[in-house]
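One structure below.
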Amino acid sequence: MEQAKKPPWELPGWREETRAWFEAELMAQGLSIEGPIDVVKLRPWSAVLSIPTSRGKVFFKASLPIVKHEVAVTMALSQWRPDCLLPVLAANPERGWLLLPDGGTTLREIIRGNGDYSYWEQILPRYAEFQIEIARRLPELLAMGAPDERLAILPGQFEKLLGDKRILRPGQEKGLTIEEYSLLQDSVPELSLLCQELASYAVPESLNHGDFHDNNILFQDDHFRIFDWGDCTISHPFYSLRTTFVSLYWSLNIDTGSPVLDRLRDIYLEAWTAFEPRERLLKAFELSQRLAAVTGALVWHRILSRAEEKDLEEFAGYIPSLLQEYLELGET
């Protein structure tokens, strides 16, 4: 296991060093800092600052090396699909630094205010079309460091994850039960078969945002932009809707089994009928949602396997809960 290190934003001089960088980048674009810089979010893997400028707010994000691929991926996507992403004001891919403009109001703020889920009816067809286009860019994205979790290698990654008892905590608080851990070990052949079955559908693997929920979508002037690509993976595209549906539960109390989710699923799948008929897409979607939980666990494992003990304790239940979801979906 790689030894955990303090994130740079906890070290002396980081604020001064990063301010010197983004102040110079802003100045080169004719912008000046016009007030105090606020901390928006500090996580073990990233830090976000809000910077008031002479032309409105901008946001600075710094990421650990394990997720710094977000910078290169965001830069590329903003060029390939400027209709779906914010323009990048400045970036340093090697250091994991990104400077973005204010993109407006989050979808979460909007729908929790008005209770209207129909915004997703606009977003999901565009997102599906985006994924279909980006599928041809996978070699470029992999070269940028986007994590590879394609179906052909997912079983091996799953087995490696099961070997990390420090993270899975079998028999411990916030961890798996001994029985669950044993069931997961026994399920490796089944997972391999699930991957083979899902791969038998003609849906191309693509870019999965990894955290496609209502707080990572911005609305401005009736147009949406997707941000926060740190959890992205090269994997099955349908995985994305797992997080979307979870966010609909937390924001609007729309639960599993609701006809609303069926409607949104069908709206999303419509673009994919270019590859498979609807009946087969529904079967592929069902398979994908179980494997999505495993992919989510792998994303968290990349981060937490390098975390300090205090951070590991704070997020300890995340990976076990995703693997428990995988088991539960296998029982239905």
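By order in the structure tokens, chains are A, B, ...; within a chain, residues start at 1; ligands start at 1, following the order shown.
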Just want the 7 Å neighbourhood of region 107-110 of chain A, counted on only C-alpha atoms, with same-chain residues fewer than 4 positions away dropped. Output as a PyMOL selection string. chain A and resi 114+214-215+217-219
Dump of N, CA and C atoms for the selected residues, as a PDB file, in the first residue's frame:
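Saved result, again_36.pdb, follows:
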```
ATOM      1  N   ASN A 114     -38.321  23.853  -6.506  1.00  0.00           N
ATOM      2  CA  ASN A 114     -39.617  23.773  -7.205  1.00  0.00           C
ATOM      3  C   ASN A 114     -40.163  22.355  -7.360  1.00  0.00           C
ATOM      4  N   ASP A 214     -27.467  15.848  -9.210  1.00  0.00           N
ATOM      5  CA  ASP A 214     -28.000  17.197  -9.431  1.00  0.00           C
ATOM      6  C   ASP A 214     -27.126  18.323  -8.906  1.00  0.00           C
ATOM      7  N   ASN A 215     -26.095  17.998  -8.126  1.00  0.00           N
ATOM      8  CA  ASN A 215     -25.210  19.062  -7.649  1.00  0.00           C
ATOM      9  C   ASN A 215     -23.970  19.223  -8.522  1.00  0.00           C
ATOM     10  N   ILE A 217     -24.414  19.559 -11.896  1.00  0.00           N
ATOM     11  CA  ILE A 217     -24.957  20.128 -13.127  1.00  0.00           C
ATOM     12  C   ILE A 217     -25.347  21.576 -12.843  1.00  0.00           C
ATOM     13  N   LEU A 218     -24.890  22.472 -13.685  1.00  0.00           N
ATOM     14  CA  LEU A 218     -25.146  23.901 -13.520  1.00  0.00           C
ATOM     15  C   LEU A 218     -26.094  24.400 -14.600  1.00  0.00           C
ATOM     16  N   PHE A 219     -26.998  25.286 -14.211  1.00  0.00           N
ATOM     17  CA  PHE A 219     -27.921  25.908 -15.169  1.00  0.00           C
ATOM     18  C   PHE A 219     -27.673  27.410 -15.208  1.00  0.00           C
TER      19      PHE A 219
END
```
Counting only C-alpha atoms, which residues in region 264-302 of chain A sit no more than 12 Å from region 58-75 of chain A? For each one, give the nearest pair of atoms and the distance in Å, sorted by chain then residue number, as a tab-separated table.
```
residue	atom	partner	partner_atom	distance
A:Val299	CA	A:Val67	CA	9.8
A:Trp300	CA	A:Val67	CA	10.9
A:His301	CA	A:Ile66	CA	10.9
A:Arg302	CA	A:Ile66	CA	7.2
```
Can you write out the residues you just picked, keeping N, CA and C atoms, as a PDB file, in the first residue's frame?
```
ATOM      1  N   VAL A 299     -13.881   3.282  -7.672  1.00  0.00           N
ATOM      2  CA  VAL A 299     -13.524   4.712  -7.674  1.00  0.00           C
ATOM      3  C   VAL A 299     -13.143   5.156  -6.270  1.00  0.00           C
ATOM      4  N   TRP A 300     -13.964   4.797  -5.290  1.00  0.00           N
ATOM      5  CA  TRP A 300     -13.659   5.152  -3.904  1.00  0.00           C
ATOM      6  C   TRP A 300     -12.380   4.474  -3.419  1.00  0.00           C
ATOM      7  N   HIS A 301     -12.148   3.260  -3.865  1.00  0.00           N
ATOM      8  CA  HIS A 301     -10.949   2.547  -3.410  1.00  0.00           C
ATOM      9  C   HIS A 301      -9.680   3.233  -3.883  1.00  0.00           C
ATOM     10  N   ARG A 302      -9.686   3.767  -5.096  1.00  0.00           N
ATOM     11  CA  ARG A 302      -8.501   4.478  -5.582  1.00  0.00           C
ATOM     12  C   ARG A 302      -8.140   5.626  -4.652  1.00  0.00           C
TER      13      ARG A 302
END
```
Could you check which of A:Leu151, A:Ile167, A:Ala24, A:Leu98 is closest to Ala292 (chain A), using only C-alpha atoms? A:Leu151
Closest to Gln172 (chain A) among A:Gly30, A:Glu313, A:Leu323, A:Leu184, using only C-alpha atoms? A:Glu313
Just the residues within 12 Å of region 6-20 of chain A, please, counting only C-alpha atoms, with nothing from its chain fewer than 5 positions along; format it as a short mmCIF file (atom, residue, chain, number, x, y, z; two decimals) with C-alpha atoms, in the first residue's frame.
```cif
data_model
loop_
_atom_site.label_atom_id
_atom_site.label_comp_id
_atom_site.auth_asym_id
_atom_site.auth_seq_id
_atom_site.Cartn_x
_atom_site.Cartn_y
_atom_site.Cartn_z
CA GLU A 25 -3.50 33.55 -14.94
CA LEU A 26 -6.38 35.92 -14.22
CA MET A 27 -4.23 38.98 -14.82
CA SER A 32 -8.20 41.16 -11.05
CA ILE A 33 -9.11 39.68 -7.67
CA PRO A 36 -11.48 37.73 -0.06
CA ILE A 37 -11.05 34.22 -1.38
CA ASP A 38 -13.44 31.70 0.17
CA VAL A 39 -13.00 27.99 0.73
CA LYS A 41 -14.91 22.64 -0.16
CA LEU A 42 -12.00 20.73 1.34
CA ARG A 43 -11.84 16.98 0.86
CA PRO A 44 -8.98 14.50 1.31
CA TRP A 45 -8.70 14.35 -2.50
CA SER A 46 -9.48 17.94 -3.64
CA ALA A 47 -9.92 21.55 -2.59
CA VAL A 48 -12.17 24.19 -4.19
CA LEU A 49 -11.82 27.95 -3.70
CA SER A 50 -14.17 30.74 -4.81
CA ILE A 51 -12.43 33.84 -6.14
CA PHE A 59 -13.47 28.78 -9.07
CA PHE A 60 -10.09 27.18 -8.46
CA LYS A 61 -9.85 23.41 -7.93
CA ALA A 62 -6.79 21.47 -6.84
CA SER A 63 -6.74 17.66 -6.92
CA LEU A 64 -4.42 14.97 -5.59
CA PRO A 65 -2.29 13.10 -8.16
CA ILE A 66 -4.64 10.10 -8.01
CA ALA A 91 -5.16 24.71 -16.10
CA ASN A 92 -2.01 22.95 -14.94
CA ARG A 95 -0.19 19.86 -10.68
CA GLY A 96 -3.90 19.06 -10.85
CA TRP A 97 -4.98 22.73 -10.91
CA LEU A 98 -8.07 23.97 -12.72
CA LEU A 99 -9.66 27.42 -13.02
CA ILE A 303 -8.91 7.44 -3.25
CA ARG A 306 -4.10 6.27 -0.19
CA ALA A 307 -5.94 8.17 2.55
CA GLU A 308 -4.71 8.97 6.02
CA GLU A 309 -6.34 7.01 8.83
CA LYS A 310 -8.46 9.98 9.94
CA ASP A 311 -9.89 10.35 6.44
#
```
Using only C-alpha atoms, which residues sit within 9 Å of Ala284 (chain A) once same-chain residues fewer than 6 positions away are excluded, as a list in words? Glu197, Leu198, Ala199, Tyr201, Val203 and Phe238 of chain A
Assign secondary structure with DSSP using the backbone only, and return the residues of region 36-105 of chain A in helix (DSSP H, G or I) as a PDB file with N, CA and C atoms, in the first residue's frame.
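Output saved as states_37.pdb:
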```pdb
ATOM      1  N   PRO A  65      -2.747  13.789  -6.946  1.00  0.00           N
ATOM      2  CA  PRO A  65      -2.288  13.104  -8.155  1.00  0.00           C
ATOM      3  C   PRO A  65      -3.188  11.954  -8.597  1.00  0.00           C
ATOM      4  N   ILE A  66      -3.815  11.248  -7.661  1.00  0.00           N
ATOM      5  CA  ILE A  66      -4.645  10.101  -8.014  1.00  0.00           C
ATOM      6  C   ILE A  66      -5.880  10.505  -8.814  1.00  0.00           C
ATOM      7  N   VAL A  67      -6.301  11.763  -8.709  1.00  0.00           N
ATOM      8  CA  VAL A  67      -7.470  12.218  -9.474  1.00  0.00           C
ATOM      9  C   VAL A  67      -7.155  13.426 -10.360  1.00  0.00           C
ATOM     10  N   HIS A  69      -6.251  13.465 -13.267  1.00  0.00           N
ATOM     11  CA  HIS A  69      -6.721  13.274 -14.643  1.00  0.00           C
ATOM     12  C   HIS A  69      -7.929  14.162 -14.936  1.00  0.00           C
ATOM     13  N   GLU A  70      -8.640  14.586 -13.886  1.00  0.00           N
ATOM     14  CA  GLU A  70      -9.806  15.453 -14.091  1.00  0.00           C
ATOM     15  C   GLU A  70      -9.443  16.698 -14.892  1.00  0.00           C
ATOM     16  N   VAL A  71      -8.248  17.234 -14.671  1.00  0.00           N
ATOM     17  CA  VAL A  71      -7.859  18.472 -15.341  1.00  0.00           C
ATOM     18  C   VAL A  71      -7.743  18.251 -16.847  1.00  0.00           C
ATOM     19  N   ALA A  72      -6.975  17.243 -17.240  1.00  0.00           N
ATOM     20  CA  ALA A  72      -6.798  16.976 -18.678  1.00  0.00           C
ATOM     21  C   ALA A  72      -8.121  16.582 -19.332  1.00  0.00           C
ATOM     22  N   VAL A  73      -8.913  15.760 -18.640  1.00  0.00           N
ATOM     23  CA  VAL A  73     -10.196  15.333 -19.191  1.00  0.00           C
ATOM     24  C   VAL A  73     -11.130  16.526 -19.367  1.00  0.00           C
ATOM     25  N   THR A  74     -11.194  17.391 -18.361  1.00  0.00           N
ATOM     26  CA  THR A  74     -12.063  18.568 -18.447  1.00  0.00           C
ATOM     27  C   THR A  74     -11.625  19.482 -19.587  1.00  0.00           C
ATOM     28  N   MET A  75     -10.332  19.684 -19.732  1.00  0.00           N
ATOM     29  CA  MET A  75      -9.825  20.512 -20.828  1.00  0.00           C
ATOM     30  C   MET A  75     -10.252  19.949 -22.181  1.00  0.00           C
ATOM     31  N   ALA A  76     -10.085  18.630 -22.343  1.00  0.00           N
ATOM     32  CA  ALA A  76     -10.428  18.010 -23.623  1.00  0.00           C
ATOM     33  C   ALA A  76     -11.928  18.075 -23.885  1.00  0.00           C
ATOM     34  N   LEU A  77     -12.723  17.719 -22.885  1.00  0.00           N
ATOM     35  CA  LEU A  77     -14.172  17.713 -23.074  1.00  0.00           C
ATOM     36  C   LEU A  77     -14.705  19.105 -23.371  1.00  0.00           C
ATOM     37  N   SER A  78     -14.125  20.123 -22.740  1.00  0.00           N
ATOM     38  CA  SER A  78     -14.594  21.492 -22.974  1.00  0.00           C
ATOM     39  C   SER A  78     -14.305  21.938 -24.401  1.00  0.00           C
ATOM     40  N   GLN A  79     -13.282  21.331 -25.020  1.00  0.00           N
ATOM     41  CA  GLN A  79     -12.988  21.636 -26.418  1.00  0.00           C
ATOM     42  C   GLN A  79     -13.856  20.803 -27.359  1.00  0.00           C
ATOM     43  N   TRP A  80     -14.037  19.538 -27.003  1.00  0.00           N
ATOM     44  CA  TRP A  80     -14.834  18.650 -27.860  1.00  0.00           C
ATOM     45  C   TRP A  80     -16.325  18.977 -27.794  1.00  0.00           C
TER      46      TRP A  80
END
```
Would you compute the distance between CA of Arg137 (chain A) and CA of Pro155 (chain A)? Give it in Å to one decimal.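 Answer for the CA of Arg137 (chain A) to CA of Pro155 (chain A) separation: 23.7 Å.
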Write out as a list in words which residues come within 10 Å of Leu287 (chain A) when counting only C-alpha atoms, dropping same-chain ones fewer than 2 positions away.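 Near neighbours after the sequence-gap exclusion: Leu194, Cys195, Glu197, Leu198, Phe238, Tyr239, Leu281, Leu282, Lys283, Ala284, Phe285, Gln289, Arg290, Leu291, Ala292, Leu329 and Gly330 of chain A.
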What does the distance from CA of Glu270 (chain A) to CA of Pro125 (chain A) come to in Å, to one decimal?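 Computing the Euclidean distance for CA of Glu270 (chain A) and CA of Pro125 (chain A) yields 7.5 Å.
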Kindly give the distance, in Å, that separates CA of Arg169 (chain A) and CA of Ala316 (chain A), rounded to a single decimal.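 These two atoms are separated by 8.4 Å.
Residue nearest Gln220 (chain A), chosen from A:Cys84, A:Leu141, A:Leu241, A:Tyr117 and counting only C-alpha atoms: A:Cys84.
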Which of these residues is nearest to Thr106 (chain A), using only C-alpha atoms: A:Phe245, A:Tyr268, A:Phe224, A:Phe158?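 Nearest candidate to Thr106 (chain A) out of A:Phe245, A:Tyr268, A:Phe224, A:Phe158: A:Phe224.
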Set the distance at 8 Å and use only C-alpha atoms: which residues neighbour Leu176 (chain A) once local chain neighbours fewer than 5 positions away are removed? I'd like the list as an MDAnalysis selection string. chainID A and resid 168:171 181 320:321 324
What does the file look like for those residues with all heavy atoms, as a compact mmCIF listing (two decimals), in the first residue's frame?
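Ended up saving to part-v4.txt:
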```
# COMPACT_ATOMS: atom_id res chain seq x y z
N LEU A 168 -12.17 -2.85 3.40
CA LEU A 168 -13.47 -3.52 3.46
C LEU A 168 -13.92 -3.81 4.90
O LEU A 168 -15.10 -4.00 5.15
CB LEU A 168 -13.43 -4.82 2.66
CG LEU A 168 -13.07 -4.68 1.18
CD1 LEU A 168 -13.17 -6.02 0.48
CD2 LEU A 168 -13.96 -3.65 0.49
N ARG A 169 -12.98 -3.91 5.82
CA ARG A 169 -13.27 -4.08 7.24
C ARG A 169 -14.22 -5.25 7.54
O ARG A 169 -15.23 -5.06 8.24
CB ARG A 169 -13.88 -2.80 7.80
CG ARG A 169 -12.97 -1.60 7.73
CD ARG A 169 -13.62 -0.42 8.40
NE ARG A 169 -12.66 0.64 8.61
CZ ARG A 169 -12.77 1.58 9.56
NH1 ARG A 169 -13.80 1.57 10.37
NH2 ARG A 169 -11.86 2.52 9.70
N PRO A 170 -13.97 -6.43 7.07
CA PRO A 170 -14.89 -7.53 7.37
C PRO A 170 -14.97 -7.77 8.88
O PRO A 170 -13.96 -7.89 9.56
CB PRO A 170 -14.28 -8.73 6.64
CG PRO A 170 -12.88 -8.34 6.30
CD PRO A 170 -12.86 -6.85 6.20
N GLY A 171 -16.22 -7.81 9.38
CA GLY A 171 -16.45 -8.07 10.79
C GLY A 171 -16.24 -6.87 11.69
O GLY A 171 -16.31 -7.00 12.92
N TYR A 181 -18.57 -10.65 3.22
CA TYR A 181 -17.24 -10.74 2.63
C TYR A 181 -17.05 -12.09 1.94
O TYR A 181 -16.51 -12.17 0.83
CB TYR A 181 -16.18 -10.52 3.70
CG TYR A 181 -14.76 -10.52 3.18
CD1 TYR A 181 -14.34 -9.56 2.26
CD2 TYR A 181 -13.85 -11.49 3.58
CE1 TYR A 181 -13.04 -9.56 1.77
CE2 TYR A 181 -12.54 -11.50 3.10
CZ TYR A 181 -12.15 -10.53 2.18
OH TYR A 181 -10.86 -10.53 1.70
N PRO A 320 -17.95 -0.49 1.59
CA PRO A 320 -18.79 -1.61 2.00
C PRO A 320 -20.26 -1.45 1.60
O PRO A 320 -20.90 -2.41 1.17
CB PRO A 320 -18.63 -1.63 3.53
CG PRO A 320 -17.25 -1.10 3.75
CD PRO A 320 -17.10 -0.03 2.70
N SER A 321 -20.80 -0.23 1.69
CA SER A 321 -22.21 -0.04 1.35
C SER A 321 -22.46 -0.28 -0.14
O SER A 321 -23.50 -0.82 -0.53
CB SER A 321 -22.69 1.36 1.75
OG SER A 321 -22.07 2.36 0.97
N GLN A 324 -22.40 -3.99 -0.64
CA GLN A 324 -23.65 -4.54 -0.11
C GLN A 324 -24.78 -4.34 -1.12
O GLN A 324 -25.63 -5.22 -1.30
CB GLN A 324 -23.98 -3.89 1.23
CG GLN A 324 -23.08 -4.35 2.36
CD GLN A 324 -23.07 -3.41 3.56
OE1 GLN A 324 -23.62 -2.31 3.49
NE2 GLN A 324 -22.45 -3.82 4.65
```
Pro101 (chain A) surroundings by only C-alpha atoms, 8 Å radius, close-in-sequence under 6 positions cut, as a PyMOL selection string: chain A and resi 57-59+86-89
